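What's in work-v7.cif: mmCIF, C-alpha atoms
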```cif
data_structure
#
loop_
_atom_site.label_atom_id
_atom_site.label_comp_id
_atom_site.auth_asym_id
_atom_site.auth_seq_id
_atom_site.Cartn_x
_atom_site.Cartn_y
_atom_site.Cartn_z
CA MET Q 1 -17.25 -16.70 -11.64
CA ILE Q 2 -14.48 -17.67 -9.24
CA CYS Q 3 -12.83 -21.06 -9.66
CA LEU Q 4 -10.82 -22.45 -6.77
CA SER Q 5 -7.64 -24.26 -7.78
CA ALA Q 6 -7.25 -26.15 -4.53
CA PHE Q 7 -9.44 -27.08 -1.60
CA GLN Q 8 -8.03 -29.22 1.19
CA VAL Q 9 -9.31 -30.16 4.64
CA LEU Q 10 -6.47 -30.15 7.15
CA GLY Q 11 -6.17 -31.06 10.79
CA GLN Q 12 -7.00 -28.06 12.95
CA ALA Q 13 -3.76 -26.14 13.48
CA GLU Q 14 -3.35 -24.66 16.94
CA THR Q 15 -0.45 -22.23 16.58
CA GLY Q 16 0.47 -19.52 14.13
CA ARG Q 17 3.54 -21.46 13.06
CA GLU Q 18 1.43 -24.54 12.28
CA ILE Q 19 -1.04 -22.48 10.26
CA VAL Q 20 1.70 -20.78 8.25
CA ASP Q 21 3.43 -24.11 7.59
CA ALA Q 22 0.13 -25.71 6.55
CA SER Q 23 -0.65 -22.81 4.20
CA GLY Q 24 2.65 -23.09 2.34
CA ILE Q 25 2.91 -19.28 2.16
CA GLN Q 26 6.50 -18.08 2.62
CA GLY Q 27 6.07 -14.35 3.09
CA GLY Q 28 3.82 -11.32 2.69
CA LEU Q 29 0.70 -10.02 4.42
CA ILE Q 30 -1.38 -12.20 6.75
CA VAL Q 31 -4.86 -11.10 7.88
CA HIS Q 32 -6.45 -12.72 10.94
CA ILE Q 33 -10.22 -12.18 10.97
CA HIS Q 34 -11.99 -12.01 14.38
CA CYS Q 35 -8.65 -12.01 16.18
CA GLY Q 36 -10.00 -11.90 19.74
CA ASP Q 37 -7.25 -11.38 22.32
CA GLY Q 38 -4.51 -11.35 19.64
CA SER Q 39 -2.55 -14.33 20.93
CA LEU Q 40 -2.89 -16.27 17.68
CA THR Q 41 -2.41 -13.07 15.67
CA ALA Q 42 0.96 -12.46 17.32
CA SER Q 43 2.08 -16.05 16.81
CA LEU Q 44 1.47 -15.73 13.06
CA ALA Q 45 4.39 -13.28 12.98
CA GLU Q 46 7.08 -15.57 14.39
CA ASP Q 47 8.69 -15.56 10.94
CA LYS Q 48 9.90 -12.05 10.07
CA SER Q 49 8.98 -12.65 6.42
CA PHE Q 50 5.42 -11.64 7.29
CA LEU Q 51 3.41 -8.58 8.20
CA VAL Q 52 0.27 -9.47 10.17
CA GLN Q 53 -2.94 -7.55 10.82
CA GLY Q 54 -5.66 -8.72 13.15
CA LEU Q 55 -9.25 -7.54 12.65
CA ASP Q 56 -12.08 -7.61 15.16
CA MET Q 57 -15.49 -5.96 15.48
CA SER Q 58 -15.03 -5.34 19.21
CA ALA Q 59 -13.04 -2.25 20.21
CA SER Q 60 -12.31 -3.83 23.61
CA ASN Q 61 -10.89 -6.93 21.91
CA VAL Q 62 -8.72 -4.74 19.71
CA GLU Q 63 -7.30 -2.89 22.74
CA ARG Q 64 -6.66 -6.16 24.52
CA ALA Q 65 -5.00 -7.66 21.45
CA ARG Q 66 -2.79 -4.57 21.02
CA ARG Q 67 -1.58 -4.88 24.61
CA SER Q 68 -0.81 -8.55 24.06
CA VAL Q 69 1.14 -7.88 20.87
CA ARG Q 70 3.10 -5.02 22.49
CA SER Q 71 4.02 -7.23 25.45
CA LEU Q 72 5.67 -9.63 22.99
CA GLY Q 73 7.61 -6.83 21.27
CA ARG Q 74 5.94 -7.48 17.92
CA TYR Q 75 3.79 -4.39 17.48
CA GLY Q 76 4.68 -2.79 14.16
CA ARG Q 77 5.08 -6.00 12.23
CA VAL Q 78 1.78 -6.97 13.85
CA THR Q 79 -1.10 -4.49 14.04
CA VAL Q 80 -4.72 -4.82 15.15
CA ASN Q 81 -7.73 -2.79 14.09
CA THR Q 82 -11.52 -2.76 14.06
CA PHE Q 83 -13.63 -3.57 11.00
CA ASP Q 84 -17.34 -3.70 10.23
CA GLY Q 85 -17.55 -7.49 10.27
CA ALA Q 86 -18.37 -7.88 6.57
CA HIS Q 87 -15.91 -5.90 4.44
CA LEU Q 88 -12.12 -6.40 4.51
CA PRO Q 89 -10.31 -3.01 4.37
CA TYR Q 90 -7.83 -3.88 1.59
CA VAL Q 91 -7.50 -3.36 -2.13
CA GLY Q 92 -7.91 -6.44 -4.27
CA ASN Q 93 -5.13 -8.98 -4.76
CA LEU Q 94 -3.06 -7.75 -1.80
CA VAL Q 95 -3.21 -10.32 1.00
CA ASN Q 96 -1.18 -13.55 0.94
CA LEU Q 97 -2.88 -15.47 3.75
CA VAL Q 98 -6.29 -15.02 5.40
CA VAL Q 99 -6.83 -16.87 8.69
CA ALA Q 100 -10.10 -17.31 10.56
CA ASP Q 101 -11.87 -19.85 12.75
CA ASP Q 102 -15.20 -18.47 11.53
CA LEU Q 103 -15.74 -15.82 8.84
CA GLY Q 104 -19.01 -14.62 10.38
CA ASP Q 105 -20.56 -12.15 7.93
CA VAL Q 106 -17.45 -11.99 5.74
CA SER Q 107 -18.23 -13.83 2.51
CA MET Q 108 -15.77 -16.19 0.87
CA GLY Q 109 -16.04 -13.97 -2.19
CA GLU Q 110 -14.74 -11.04 -0.13
CA VAL Q 111 -11.84 -13.18 1.10
CA LEU Q 112 -10.94 -14.17 -2.45
CA ARG Q 113 -11.19 -10.54 -3.57
CA VAL Q 114 -8.40 -9.42 -1.24
CA LEU Q 115 -6.22 -12.50 -1.72
CA ALA Q 116 -3.39 -12.24 -4.22
CA PRO Q 117 -3.29 -14.92 -6.92
CA LEU Q 118 -1.94 -18.12 -5.31
CA GLY Q 119 -2.82 -16.65 -1.91
CA VAL Q 120 -4.36 -18.94 0.69
CA ALA Q 121 -7.51 -18.78 2.81
CA TYR Q 122 -7.12 -20.95 5.93
CA ILE Q 123 -10.61 -21.06 7.40
CA ASN Q 124 -11.39 -23.43 10.29
CA GLY Q 125 -8.69 -25.86 9.18
CA LYS Q 126 -9.68 -25.75 5.50
CA LYS Q 127 -7.15 -24.50 2.97
CA THR Q 128 -8.32 -22.80 -0.22
CA VAL Q 129 -5.87 -21.48 -2.83
CA LYS Q 130 -6.81 -18.61 -5.13
CA PRO Q 131 -5.85 -19.60 -8.70
CA TRP Q 132 -3.56 -17.66 -11.00
CA PRO Q 133 -5.76 -15.84 -13.56
CA GLU Q 134 -5.20 -16.80 -17.19
CA GLU Q 135 -5.46 -13.09 -18.06
CA ILE Q 136 -2.30 -12.21 -16.10
CA ASP Q 137 0.97 -12.98 -17.89
CA GLU Q 138 4.41 -13.33 -16.32
CA TRP Q 139 7.68 -11.58 -17.25
CA THR Q 140 10.30 -14.23 -16.58
CA HIS Q 141 13.18 -12.87 -18.71
CA TYR Q 142 14.75 -9.49 -19.44
CA LEU Q 143 12.65 -9.21 -22.63
CA HIS Q 144 9.54 -11.02 -21.38
CA GLY Q 145 10.41 -14.59 -22.39
CA PRO Q 146 13.20 -16.76 -23.79
CA ASP Q 147 12.29 -15.63 -27.32
CA ASN Q 148 13.16 -11.99 -26.43
CA ASN Q 149 9.96 -10.76 -28.06
CA ALA Q 150 9.30 -8.17 -25.32
CA VAL Q 151 5.52 -8.46 -25.71
CA ALA Q 152 3.47 -9.72 -22.78
CA GLN Q 153 0.31 -11.74 -23.36
CA ASP Q 154 -1.54 -9.89 -20.60
CA THR Q 155 -5.06 -8.51 -20.91
CA VAL Q 156 -5.31 -7.06 -17.39
CA VAL Q 157 -2.43 -4.57 -17.39
CA GLY Q 158 -3.38 -0.91 -17.75
CA PRO Q 159 -2.72 2.57 -16.34
CA PRO Q 160 -1.97 2.51 -12.58
CA ALA Q 161 -5.07 3.04 -10.45
CA HIS Q 162 -3.57 2.84 -6.95
CA ILE Q 163 -0.44 1.88 -5.02
CA GLN Q 164 -0.46 -1.84 -4.21
CA TRP Q 165 2.59 -1.82 -1.92
CA VAL Q 166 5.78 0.17 -1.37
CA ALA Q 167 9.25 -1.36 -1.12
CA PRO Q 168 12.45 0.41 -0.07
CA PRO Q 169 14.59 2.30 -0.80
CA LYS Q 170 12.56 5.51 -0.86
CA TRP Q 171 15.28 7.35 -2.82
CA SER Q 172 17.42 6.02 -5.65
CA ARG Q 173 20.92 6.87 -6.89
CA HIS Q 174 21.56 9.82 -9.20
CA HIS Q 175 19.52 9.74 -12.42
CA GLU Q 176 22.58 10.42 -14.62
CA SER Q 177 24.07 7.04 -13.80
CA ARG Q 178 22.62 3.56 -14.35
CA PRO Q 179 19.08 3.30 -12.90
CA GLY Q 180 19.02 2.32 -9.25
CA THR Q 181 16.49 -0.43 -9.97
CA PHE Q 182 16.89 -2.60 -13.07
CA GLY Q 183 16.65 -6.11 -14.46
CA ALA Q 184 13.11 -6.69 -13.16
CA VAL Q 185 11.44 -10.06 -13.83
CA SER Q 186 8.36 -11.65 -12.27
CA SER Q 187 6.93 -15.12 -11.81
CA GLN Q 188 4.31 -16.80 -9.61
CA GLY Q 189 3.44 -13.60 -7.77
CA ARG Q 190 7.04 -12.64 -6.99
CA LEU Q 191 9.04 -9.73 -8.36
CA PHE Q 192 12.83 -9.98 -8.68
CA TYR Q 193 15.12 -7.05 -9.48
CA VAL Q 194 18.62 -5.72 -8.92
CA GLN Q 195 18.91 -2.68 -6.65
CA ASP Q 196 21.94 -0.40 -6.43
CA GLU Q 197 22.03 0.64 -2.77
CA GLY Q 198 25.14 2.80 -3.04
CA PRO Q 199 25.28 6.46 -1.86
CA ILE Q 200 22.08 8.31 -2.80
CA GLY Q 201 22.19 11.36 -5.07
CA ILE Q 202 25.86 10.85 -6.04
CA VAL Q 203 26.92 10.25 -9.65
CA ASP Q 204 30.70 10.25 -8.98
CA LYS Q 205 31.90 6.72 -9.78
CA ARG Q 206 34.57 6.98 -7.09
CA PHE Q 207 31.72 6.03 -4.81
CA PRO Q 208 31.23 2.31 -5.43
CA ASP Q 209 27.99 0.60 -6.39
CA ASP Q 210 26.36 -1.69 -3.87
CA PHE Q 211 24.20 -4.25 -5.64
CA SER Q 212 21.52 -6.42 -4.04
CA LEU Q 213 19.15 -8.94 -5.52
CA VAL Q 214 15.71 -8.12 -4.15
CA THR Q 215 12.74 -10.47 -4.04
CA VAL Q 216 9.34 -8.93 -3.34
CA HIS Q 217 6.23 -10.99 -2.68
CA GLY Q 218 3.03 -9.66 -1.23
CA SER Q 219 3.74 -6.78 1.14
CA GLN Q 220 7.14 -7.77 2.42
CA ASN Q 221 10.51 -7.65 0.65
CA HIS Q 222 13.77 -9.44 1.29
CA SER Q 223 17.24 -8.53 0.03
CA GLU Q 224 20.21 -10.77 -0.49
CA LEU Q 225 23.58 -9.25 -1.36
CA ILE Q 226 24.93 -10.90 -4.49
CA SER Q 227 27.90 -8.77 -5.56
CA ARG Q 228 29.84 -5.55 -5.12
CA GLU Q 229 31.40 -3.61 -7.95
CA ALA Q 230 34.69 -1.83 -7.36
CA ALA Q 231 34.84 1.92 -7.88
#
```

I need this file expressed as structure tokens, please.
Amino acid sequence: MICLSAFQVLGQAETGREIVDASGIQGGLIVHIHCGDGSLTASLAEDKSFLVQGLDMSASNVERARRSVRSLGRYGRVTVNTFDGAHLPYVGNLVNLVVADDLGDVSMGEVLRVLAPLGVAYINGKKTVKPWPEEIDEWTHYLHGPDNNAVAQDTVVGPPAHIQWVAPPKWSRHHESRPGTFGAVSSQGRLFYVQDEGPIGIVDKRFPDDFSLVTVHGSQNHSELISREAA
């Protein structure tokens, strides 16, 4: 059984910016169902914190939407594709915001399946938030929690079954030095870690480290430089 943690009727938003602001989502993957000519789809990507995909059953609409998105210089961050009208082509718990004027044959259960916990469905001006499952624990400190017990109270975790998303860099620093990615913690659907973005494949410490604090949420990641360590 699916329990919705929030359901709110909002004034009908007209632009992508208004919809994103009303949703409260700050980054990740947005899916626009029955995107039509793509004008709203493209406007959902004004903020570069998002990747956007429009879906439509009509191949002619998809071609028209692609031309519209390309004319605005946003194709890449915004893509458009066909779908069967009932099934959303995503693994579960991936999408951060689903937008639609009318779901058609797409069930609300299907929308909630693809939404990440705390993700938002914005359907015809109505905002629904997918709750955080009690079965999924968080890892807020280096050793799980402030008690340093290093044991998560999570009953969902298991062997990897598929790739949820991929974040750069593709290659890390030399394995004989400190790991290129370390200090990972997670909370409220976001992953935080420190990434050494210094020269790849080089262990010689005369080449300085280049540390960034990386925040990943949904399908998009953002890096903020926090320090540099001298050679």

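Atom CA of Trp139 of chain Q lies 9.2 Å from atom CA of Leu191 of chain Q.
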
task = Could you give me, as number ranges by chain, the residues within 8 Å of Val114 of chain Q, counting all atoms listed in the file and dropping anything in the same chain fewer than 4 positions from it?
result = Q: 88, 90-95, 110

task = Please tell me which residues are no farther than 10 Å from (-4.4, -9.2, 1.9) in the file, counting all atoms listed in the file, and write them as a ChimeraX atom specification.
result = /Q:28-32,52-53,88-98,111-116,119-120,218-219

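Atom CA of Phe50 of chain Q to atom CA of Glu135 of chain Q spans 27.6 Å [interatomic distance, one decimal].
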
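Candidate residues Q:Gly183, Q:Gly73, Q:Pro159, Q:Gly36 were compared for distance to Ser212 of chain Q, and the nearest is Q:Gly183, using all atoms listed in the file.
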
Translate the PyMOL selection byres ((chain Q and resi 136) around 9), as applied to the file shown, into an explicit residue set as a PDB file with C-alpha atoms, keeping the file's coordinate frame.
```pdb
ATOM      1  CA  TRP Q 132      -3.560 -17.660 -11.000  1.00  0.00           C
ATOM      2  CA  PRO Q 133      -5.760 -15.840 -13.560  1.00  0.00           C
ATOM      3  CA  GLU Q 134      -5.200 -16.800 -17.190  1.00  0.00           C
ATOM      4  CA  GLU Q 135      -5.460 -13.090 -18.060  1.00  0.00           C
ATOM      5  CA  ASP Q 137       0.970 -12.980 -17.890  1.00  0.00           C
ATOM      6  CA  GLU Q 138       4.410 -13.330 -16.320  1.00  0.00           C
ATOM      7  CA  GLN Q 153       0.310 -11.740 -23.360  1.00  0.00           C
ATOM      8  CA  ASP Q 154      -1.540  -9.890 -20.600  1.00  0.00           C
ATOM      9  CA  THR Q 155      -5.060  -8.510 -20.910  1.00  0.00           C
ATOM     10  CA  VAL Q 156      -5.310  -7.060 -17.390  1.00  0.00           C
ATOM     11  CA  VAL Q 157      -2.430  -4.570 -17.390  1.00  0.00           C
TER      12      VAL Q 157
END
```

request  = Can you work out the spacing between atom CA of Thr82 of chain Q and atom CA of Leu55 of chain Q in Å, to one decimal?
outcome  = 5.5 Å

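If you apply the PyMOL selection byres ((chain Q and resi 38) around 10) to this structure, you end up with Q:His32, Q:His34, Q:Cys35, Q:Gly36, Q:Asp37, Q:Ser39, Q:Leu40, Q:Thr41, Q:Ala42, Q:Ser43, Q:Leu44, Q:Gln53, Q:Gly54, Q:Leu55, Q:Asp56, Q:Asn61, Q:Val62, Q:Glu63, Q:Arg64, Q:Ala65, Q:Arg66, Q:Arg67, Q:Ser68, Q:Val69, Q:Val78, Q:Thr79, Q:Val80.
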
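Considering the residues Q:Thr215, Q:Asn81, Q:Gln195, Q:Ser186 and counting all atoms listed in the file, Tyr142 of chain Q has its shortest atom-to-atom contact with Q:Ser186.
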
ask   = Could you write out as a PyMOL selection string the residues that the PyMOL selection byres ((chain Q and resi 130) around 6) matches in the shown file?
value = chain Q and resi 4+117-119+129+131

Okay, now the selection with C-alpha atoms, as a PDB file, keeping the file's coordinate frame?
```
ATOM      1  CA  LEU Q   4     -10.820 -22.450  -6.770  1.00  0.00           C
ATOM      2  CA  PRO Q 117      -3.290 -14.920  -6.920  1.00  0.00           C
ATOM      3  CA  LEU Q 118      -1.940 -18.120  -5.310  1.00  0.00           C
ATOM      4  CA  GLY Q 119      -2.820 -16.650  -1.910  1.00  0.00           C
ATOM      5  CA  VAL Q 129      -5.870 -21.480  -2.830  1.00  0.00           C
ATOM      6  CA  PRO Q 131      -5.850 -19.600  -8.700  1.00  0.00           C
TER       7      PRO Q 131
END
```

request  = Determine the nearest neighbour of Tyr193 of chain Q from the options Q:Thr181, Q:Ser107, Q:Ser60, Q:Thr15, counting only C-alpha atoms.
outcome  = Q:Thr181

Which of Q:Asp210, Q:His144, Q:Ile163, Q:Ala100 sits closest to Gly180 of chain Q [using only C-alpha atoms] = Q:Asp210

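Checking Q:Asp196, Q:Glu14, Q:Asp21, Q:Asp84 one by one against Asp47 of chain Q, counting all atoms listed in the file, you find the shortest gap at Q:Asp21.
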
task = Would you list the residues near (13.9, 5.1, -2.8) (no more than 12 Å away, in the coordinates of the file, using only C-alpha atoms) as a VMD selection string?
result = chain Q and resid 166 to 174 179 to 181 195 to 201

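Residue nearest Asp102 of chain Q within the list Q:Pro208, Q:Gly125, Q:Gly158, Q:Gly76: Q:Gly125 [criterion: smallest interatomic distance, all atoms listed in the file].
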